[in-house]
Every structure is written in C-alpha cells, then in structure tokens.
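Data block below; observations after.
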Amino acid sequence: MAYTLEYIKALGKERTPENLDKLLRIFRENLNLPIDIKREVVSSIGRQNDNDKIYSFLTREAFNKANHMELIYQMFRTCLYKSREDKKFHELGLRIKNFYHNEIIDKMHDYYIYRQSGHESTSDQRIAEPLLLVGDSRETLKQLPDNSIQLIFTSPPYYNAREYSDYNSYSEYLSRMKEILISCRRVLEEGRFIIINVSPVITKRPGREFESIRYPIHFDFHRILTEAGFYFIDEIIWIKPEPSVPDRVSGYRQTRKPLSYKPNCITESIMIYRSECNFLLDRNMKEYKSYDKHDGEEIDSSNCWYIAPKSDKNHPAVFPEELCRRILKYYSFEGDSVLDPFAGSGTLGRVARRMGRIPVLCEINDKYAEIIESEALGYYDVRGRDNKKYSQQITIGL
Ligand SMILES: C[S@@+](CC[C@H](N)C(=O)[O-])C[C@H]1O[C@@H](n2cnc3c(N)ncnc32)[C@H](O)[C@@H]1O
C-alpha cells in the first residue's frame with residue numbers, strides 16, 4: 001500500500017489503541033518509506049495515549065543509528081512533550097541528548113526549557129535618547145545595560161588597511177574585535193540581529209621582493225561572531241559599480257598570462273547574525289503592536305544589493321546612507337535603539353534619527369567624534385568624555 005501524509009495524519013488524530021498498533025506496524029514493516037511520511041508516522045505515534053508502548057518504541061528506535069536524524073528529532077520531541085506527564089520520558093530525553101551530542105537536539109531542549117519558564121519580555125531596559133560614547137568600545141560599551149539594544153550595524157576597522165587601524169598582528173586584531181563582539185552580545189536584546197559589513201583587505205608589501213598578504217576578514221569574523229554567541233542567518237552581497245573600485249585586472253588585461261589574473265573586487269559582505277536564544281523570531285516581533293509597513297516601497301528580493309559607495313572628505317570609509325536605510329528598514333522597528341560600535345563619521349546615526357530609531361554610537365577617534373557631535377548638536381547627549389558625569393546621567397536617561 002502507498003501511504004500518504006493525509007492517511008498517516010488521520011490515523012494519528014484518532015487516538016485509538018488500534019491506530020497506535022497500525023502506526024507501529026507501518027514504521028516496522030516499511031523501511032523504505034519516504035522520509036516525510038516516516039517522520040509523520042513517528043510524530044503520530046508520539047501523539048498517542050499508551051505511554052508504555054510509546055516508551056518501548058522510543059527506547060528501541062531512538063538509539064538505532066540506521067534511523068535518519070529527522071526521525072530522531074521527532075522521537076526527542078515526543079520525549080520533551082511527554083515528560084510533562086511522565087518522568088520516564090524526561091530521563092529518556094536526556095539519554096538521547098547525551099547519546100547524539102547534536103546541536104539541533106540541544107537547541108530543541110533549550111527552547112523547551114525556555115517555554116516552560118514562561119518568560120515575558122525579551123528586553124530588559126530601553127534606551128530613551130541618542131548617545132555618543134567617545135573612546136575604545138572595549139571600555140565604553142561596558143556602560144550600556146544588558147539587553148538594551150535592538151539592532152547592531154557596523155563596519156569594523158579593516159585590519160591595517162586604513163589610517164585608523166593599528167594592530168601588532170592579525171591575531172591581535174581579531175582578539176580585540178572578539179572582545180567588542182562579546183560586549184555587543186551582552187547589550188543586544190536576545191534574539192535580535194547584529195550585522196557586520198566587511199570585505200577582505202590587503203596589506204602593503206614591505207618591499208618588491210615580498211608578497212602582499214590578503215586577509216579574508218569575513219571568514220574569520222564568522223568564527224569570532226559564533227564564539228561571541230551569535231549564529232549565522234544570511235549573507236547579503238553589496239555590489240558596487242566596477243569603475244568605483246581599484247583596478248586589479250589591468251596587468252592580466254595586457255599579458256593574458258595565466259596565474260596573474262586578479263579580478264576587480266566589487267563586492268562587500270553584509271553578514272547577518274542573530275544572538276543565540278531559546279525562542280523563535282516571532283517572539284521578538286510580538287513585542288511590537290504596530291509598525292511602519294513602508295507601503296509602496298520596492299522590496300529588495302535578492303541578497304545582492306546594488307549600491308554605489310560613498311566618499312567623504314572627513315572619513316576614509318563611510319557607509320552609503322542607502323545601505324543604512326535598507327538595514328534599518330529590514331532589521332529594526334521605529335523606536336528601536338540601534339548601535340554602531342565603530343561609528344566613524346556617524347552615518348548610521350544620521351539615517352537612524354531620520355527613520356525614528358535611537359542611535360547609540362561609539363567612536364575612538366576624537367576627530368570623528370567631533371564630526372558626529374557638530375552635526376548632531378541638539379540631538380545627541382554627548383557624555384563619553386566625562387565618565388563620572390556620563391555614568392550618572394545614563395541611569396537617568398534609560
Ligand atoms: C570602517 S570605519 C566606520 C565608518 C562608518 N561606518 C561611517 O559611516 O563613517 C571604523 C571606525 O571604527 C573606529 N574604531 C576603531 N577601533 C575602535 C574601537 N576600539 N572603539 C571604537 N571605535 C573604533 C575607527 O576610528 C573608525 O572611524
């Protein structure tokens with residue numbers, strides 16, 4: 001007989017001892033059933049009433065490595081839900097968890113525990129007004145409360161590529177970045193996004209006889225982001241017009257000599273990560289009763305965004321405002337606090353204010369901080385320079 005999903009679901013819905021036996025037989029006798037049907041069989045078995053029979057099915061099948069992991073997840077799910085009424089399922093669930101050491105099972109377990117605990121809100125405190133923190137983000141971020149930021153968007157200093165970068169080695173650079181990401185994790189509301197704009201950088205050759213080194217910063221950022229407690233969601237590729245980037249292909253164009261090919265790099269990576277948490281994004285969205293739908297605006301349907309870069313007389317590497325606008329539109333709500341821990345000339349803050357978000361900007365370089373200050377006079381409450389005054393005021397401001 002060819003079983004269908006509908007047929008299995010109907011069996012599962014009507015919780016009779018006969019149906020449970022039928023489901024167990026279907027599982028036992030049809031080893032080659034398509035995986036989605038088999039998954040439904042396991043899920044339907046889990047919905048039945050005879051806990052002893054279900055328990056003996058699970059103890060037999062959950063440790064059978066011939067079973068597809070999708071089936072094991074269903075079996076584990078049954079343990080989670082049955083553990084409310086019957087303790088032996090709790091113990092079996094823990095055995096399955098320890099047996100597989102699998103990240104999806106771990107996450108299912110954490111989700112379940114979180115839901116049982118009945119948490120109410122994802123945000124501890126909200127920041128009420130724009131802030132500019134002047135100094136090293138490794139220090140200044142300490143002054144922000146836990147869970148107080150709803151979005152982080154930044155472009156970190158590119159290792160030794162620009163005037164403001166100064167590190168002894170690439171590993172020192174990465175460890176400093178990681179320190180800041182760990183603070184970002186603490187201040188970012190659970191389940192919200194951190195978005196990092198990076199691209200590979202090249203360091204100057206110390207002499208003609210040496211090779212220049214190209215650093216794939218985005219690959220290493222993946223590692224430090226995950227170590228800091230974020231997980232990968234998406235990558236958006238920012239594509240620039242070719243004439244706007246340095247020409248690397250001209251040598252090859254002249255000689256056509258294999259191995260000398262170096263394409264013009266017209267892309268940058270926009271890395272979208274979410275802070276680790278035990279609930280779905282729906283829960284973050286539920287915090288907002290109403291929101292701006294941006295009706296009539298075009299939607300960027302692919303992960304390739306064509307945006308011209310921006311140059312600025314005051315800063316060597318500014319965001320184009322359009323990039324900030326899209327990130328703010330897709331990843332934050334009005335009224336949210338948005339943090340840029342490497343604010344530069346403060347482009348994110350400017351666009352954020354226009355879009356009704358509350359910017360929190362950190363910048364180490366006094367010259368750039370002054371630009372932000374001068375532009376945003378009357379909006380920002382600049383307190384970073386006097387730490388004592390700042391720490392007193394921030395409590396009032398929140
Ligand atoms: C790529 S730029 C950001 C430019 C910015 N997106 C804009 O639109 O102007 C990085 C900035 O990070 C700042 N910076 C570097 N290390 C820092 C640190 N430890 N704490 C705070 N700011 C830092 C640099 O001074 C630089 O202005």
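Going through the structure tokens in order, the chains are called A, B, and so on, while each chain numbers its residues from 1 and the ligands are numbered from 1 in the order shown.
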Item checked: Surroundings of ligand 1 up to 9 Å, based on only C-alpha atoms and all ligand atoms, as a VMD selection string -> chain A and resid 133 to 140 153 to 158 162 to 166 176 to 177 180 197 to 198 310 312 314 to 321 324 340 to 349 361 to 369
Next item on the list: Give the helix (DSSP H, G or I) residues of stretch 106-253 of chain A, as assigned by DSSP on the backbone, as a VMD selection string.
Entry: chain A and resid 106 to 117 137 to 143 170 to 187 217 to 227 242 to 244 250 to 253
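The neighbours of A:Arg15 here are the residues that come within 9 Å of it, using only C-alpha atoms and leaving out any residue fewer than 5 positions away in the same chain; they are Leu20, Arg47, Gln48 and Asn49 of chain A.
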File of the preceding selection, N, CA and C atoms, as a short mmCIF file (atom, residue, chain, number, x, y, z; two decimals), in the first residue's frame:
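Printed below is result-v4.cif as written:
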```cif
data_model
loop_
_atom_site.label_atom_id
_atom_site.label_comp_id
_atom_site.auth_asym_id
_atom_site.auth_seq_id
_atom_site.Cartn_x
_atom_site.Cartn_y
_atom_site.Cartn_z
N LEU A 20 -2.63 3.11 17.09
CA LEU A 20 -1.24 3.08 17.55
C LEU A 20 -0.55 1.82 17.03
N ARG A 47 1.86 11.15 19.51
CA ARG A 47 0.62 11.81 19.96
C ARG A 47 -0.37 10.85 20.62
N GLN A 48 -0.05 9.55 20.67
CA GLN A 48 -1.00 8.58 21.20
C GLN A 48 -0.98 8.54 22.74
N ASN A 49 -1.92 7.74 23.29
CA ASN A 49 -2.10 7.77 24.74
C ASN A 49 -1.34 6.69 25.51
#
```
Long-range neighbours of A:Leu24 as a PDB file with N, CA and C atoms, in the first residue's frame, 8 Å cut-off, only C-alpha atoms, 4 positions minimum in chain:
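Dumped everything to part.pdb:
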```pdb
ATOM      1  N   LEU A  20      -2.634   3.106  17.091  1.00  0.00           N
ATOM      2  CA  LEU A  20      -1.236   3.084  17.551  1.00  0.00           C
ATOM      3  C   LEU A  20      -0.548   1.819  17.033  1.00  0.00           C
ATOM      4  N   ARG A  28       7.592  -0.312  11.413  1.00  0.00           N
ATOM      5  CA  ARG A  28       8.436  -1.516  11.447  1.00  0.00           C
ATOM      6  C   ARG A  28       8.580  -2.150  10.070  1.00  0.00           C
ATOM      7  N   ILE A  45       2.840   8.621  16.248  1.00  0.00           N
ATOM      8  CA  ILE A  45       2.995   7.673  17.368  1.00  0.00           C
ATOM      9  C   ILE A  45       3.118   8.464  18.673  1.00  0.00           C
ATOM     10  N   PHE A  57       8.792   1.785  22.121  1.00  0.00           N
ATOM     11  CA  PHE A  57       9.155   2.110  20.727  1.00  0.00           C
ATOM     12  C   PHE A  57      10.372   3.052  20.709  1.00  0.00           C
TER      13      PHE A  57
END
```
Next item on the list: Could you check how far atom CA of A:Lys65 sits from atom CA of A:Arg84, in Å to one decimal?
Entry: 26.7 Å
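Using only C-alpha atoms, the nearest neighbour of A:Leu23 within the list A:Gly296, A:Pro216, A:Pro243, A:Gly46 is A:Gly46.
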Within 12 Å of A:Ser290, counting only C-alpha atoms, which residues qualify if same-chain residues fewer than 6 places away don't, as a short mmCIF file (atom, residue, chain, number, x, y, z; two decimals) with N, CA and C atoms, in the first residue's frame?
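What follows is the written file selection-v9.cif:
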```
data_model
loop_
_atom_site.label_atom_id
_atom_site.label_comp_id
_atom_site.auth_asym_id
_atom_site.auth_seq_id
_atom_site.Cartn_x
_atom_site.Cartn_y
_atom_site.Cartn_z
N PHE A 333 12.61 48.14 14.12
CA PHE A 333 11.33 48.85 14.14
C PHE A 333 11.57 50.30 14.59
N GLU A 334 10.58 51.13 14.31
CA GLU A 334 10.66 52.51 14.80
C GLU A 334 10.74 52.50 16.32
N GLY A 335 11.56 53.38 16.87
CA GLY A 335 11.68 53.44 18.33
C GLY A 335 12.79 52.55 18.87
#
```
Next item on the list: Counting only C-alpha atoms, figure out which residue out of A:Phe99, A:Tyr159, A:Tyr111, A:Tyr288 gets nearest to A:His218.
Entry: A:Tyr159
Next item on the list: Show which residues sit within 8 Å of A:Ile195, as a ChimeraX atom specification. Count only C-alpha atoms, and ignore same-chain residues fewer than 2 positions away.
Entry: /A:151-154,193,197,270-273
Go ahead and dump the residues you just picked, all heavy atoms, as a compact mmCIF listing (two decimals), in the first residue's frame.
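This went into out04.txt:
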```
# COMPACT_ATOMS: atom_id res chain seq x y z
N LEU A 151 19.27 46.56 17.57
CA LEU A 151 19.99 46.21 16.33
C LEU A 151 21.42 46.76 16.41
O LEU A 151 21.62 47.88 16.90
CB LEU A 151 19.29 46.83 15.11
CG LEU A 151 20.06 46.76 13.78
CD1 LEU A 151 20.15 45.32 13.26
CD2 LEU A 151 19.41 47.63 12.71
N ILE A 152 22.37 45.95 15.94
CA ILE A 152 23.74 46.47 15.80
C ILE A 152 24.11 46.39 14.33
O ILE A 152 23.94 45.34 13.70
CB ILE A 152 24.74 45.63 16.64
CG1 ILE A 152 24.35 45.69 18.13
CG2 ILE A 152 26.17 46.14 16.43
CD1 ILE A 152 25.19 44.81 19.04
N PHE A 153 24.53 47.50 13.79
CA PHE A 153 25.03 47.51 12.41
C PHE A 153 26.34 48.28 12.40
O PHE A 153 26.40 49.41 12.88
CB PHE A 153 24.01 48.17 11.46
CG PHE A 153 24.52 48.23 10.03
CD1 PHE A 153 25.21 47.16 9.47
CD2 PHE A 153 24.28 49.34 9.24
CE1 PHE A 153 25.67 47.21 8.16
CE2 PHE A 153 24.73 49.40 7.92
CZ PHE A 153 25.43 48.32 7.38
N THR A 154 27.37 47.65 11.88
CA THR A 154 28.67 48.30 11.93
C THR A 154 29.60 47.83 10.84
O THR A 154 29.38 46.77 10.24
CB THR A 154 29.34 48.08 13.31
OG1 THR A 154 30.39 49.02 13.48
CG2 THR A 154 29.89 46.67 13.46
N PHE A 193 19.34 41.10 15.81
CA PHE A 193 20.39 40.93 14.81
C PHE A 193 21.61 41.82 15.03
O PHE A 193 21.47 42.99 15.40
CB PHE A 193 19.85 41.22 13.41
CG PHE A 193 18.78 40.25 12.99
CD1 PHE A 193 17.45 40.63 12.93
CD2 PHE A 193 19.10 38.94 12.67
CE1 PHE A 193 16.46 39.73 12.54
CE2 PHE A 193 18.14 38.03 12.28
CZ PHE A 193 16.80 38.42 12.22
N ASN A 197 29.49 44.67 8.25
CA ASN A 197 29.93 44.90 6.87
C ASN A 197 31.46 44.80 6.82
O ASN A 197 32.15 45.58 7.44
CB ASN A 197 29.45 46.29 6.43
CG ASN A 197 30.17 46.80 5.19
OD1 ASN A 197 30.52 47.96 5.11
ND2 ASN A 197 30.41 45.94 4.21
N ILE A 270 27.81 41.62 3.74
CA ILE A 270 27.00 42.13 4.85
C ILE A 270 26.56 40.88 5.61
O ILE A 270 25.70 40.12 5.15
CB ILE A 270 25.74 42.89 4.35
CG1 ILE A 270 26.10 43.94 3.29
CG2 ILE A 270 24.95 43.50 5.50
CD1 ILE A 270 26.80 45.17 3.80
N MET A 271 27.18 40.64 6.75
CA MET A 271 26.98 39.38 7.47
C MET A 271 25.86 39.56 8.50
O MET A 271 25.97 40.41 9.38
CB MET A 271 28.26 38.98 8.19
CG MET A 271 29.47 38.95 7.27
SD MET A 271 31.01 38.76 8.17
CE MET A 271 30.91 37.06 8.69
N ILE A 272 24.80 38.76 8.35
CA ILE A 272 23.65 38.91 9.26
C ILE A 272 23.65 37.75 10.26
O ILE A 272 23.55 36.59 9.88
CB ILE A 272 22.31 38.84 8.46
CG1 ILE A 272 22.43 39.51 7.10
CG2 ILE A 272 21.13 39.31 9.31
CD1 ILE A 272 22.14 40.91 7.00
N TYR A 273 23.76 38.08 11.52
CA TYR A 273 23.78 37.06 12.58
C TYR A 273 22.73 37.40 13.62
O TYR A 273 22.35 38.57 13.77
CB TYR A 273 25.18 37.00 13.23
CG TYR A 273 26.18 36.28 12.33
CD1 TYR A 273 26.56 36.82 11.10
CD2 TYR A 273 26.72 35.05 12.68
CE1 TYR A 273 27.44 36.17 10.25
CE2 TYR A 273 27.60 34.38 11.84
CZ TYR A 273 27.95 34.95 10.62
OH TYR A 273 28.82 34.29 9.79
```
Check: Excluding same-chain residues fewer than 3 positions from A:Lys38, what lies within 10 Å of it counting only C-alpha atoms, as a list in words?
Finding: Tyr3, Leu5, Ile8, Leu23, Ile26, Phe27, Asn30, Leu31, Asn32, Leu33, Pro34, Ile35, Val41, Val42, Ser43, Ser44, His68, Glu70 and Leu71 of chain A
Since we have the selection now, will you write its residues out, keeping C-alpha atoms, as a compact mmCIF listing (two decimals), in the first residue's frame?
```txt
# COMPACT_ATOMS: atom_id res chain seq x y z
CA TYR A 3 0.84 5.58 2.32
CA LEU A 5 0.66 12.05 4.62
CA ILE A 8 -0.98 8.88 8.44
CA LEU A 23 1.33 3.12 13.13
CA ILE A 26 3.82 0.77 9.40
CA PHE A 27 7.09 2.01 10.92
CA ASN A 30 8.14 -0.20 5.70
CA LEU A 31 11.79 0.57 5.95
CA ASN A 32 11.85 2.38 2.61
CA LEU A 33 9.01 4.82 3.19
CA PRO A 34 9.80 8.39 2.03
CA ILE A 35 11.31 10.35 4.91
CA VAL A 41 4.47 8.22 11.43
CA VAL A 42 6.89 8.91 14.30
CA SER A 43 5.17 12.16 15.15
CA SER A 44 1.74 10.46 15.12
CA HIS A 68 17.52 9.21 9.80
CA GLU A 70 14.90 13.75 11.20
CA LEU A 71 13.20 10.75 12.84
```
Next item on the list: Write out as a VMD selection string all residues of stretch 28-272 of chain A that DSSP puts in strand (DSSP E) for this structure's backbone.
Entry: chain A and resid 131 to 134 149 to 154 188 to 198 201 to 202 214 to 215 230 to 239 267 to 272
Next item on the list: Would you work out the distance separating atom CA of A:Arg205 from atom CA of A:Leu225, expressed in Å to one decimal?
Entry: 29.2 Å
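Comparing A:Leu181, A:Val187, A:Ile236, A:Cys79 by their smallest distance to A:Ser301, the closest is A:Ile236 (using only C-alpha atoms).
The space between atom CA of A:Met1 and atom CA of A:Glu29 spans 11.4 Å.
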Item checked: Residue among A:Trp238, A:Tyr81, A:Tyr7, A:Phe219 lying closest to A:Ser269, counting only C-alpha atoms -> A:Trp238
Next item on the list: Find, counting only C-alpha atoms, the residue in A:His222, A:Ile149, A:Pro309, A:Glu190 that gets nearest to A:Val245.
Entry: A:Pro309
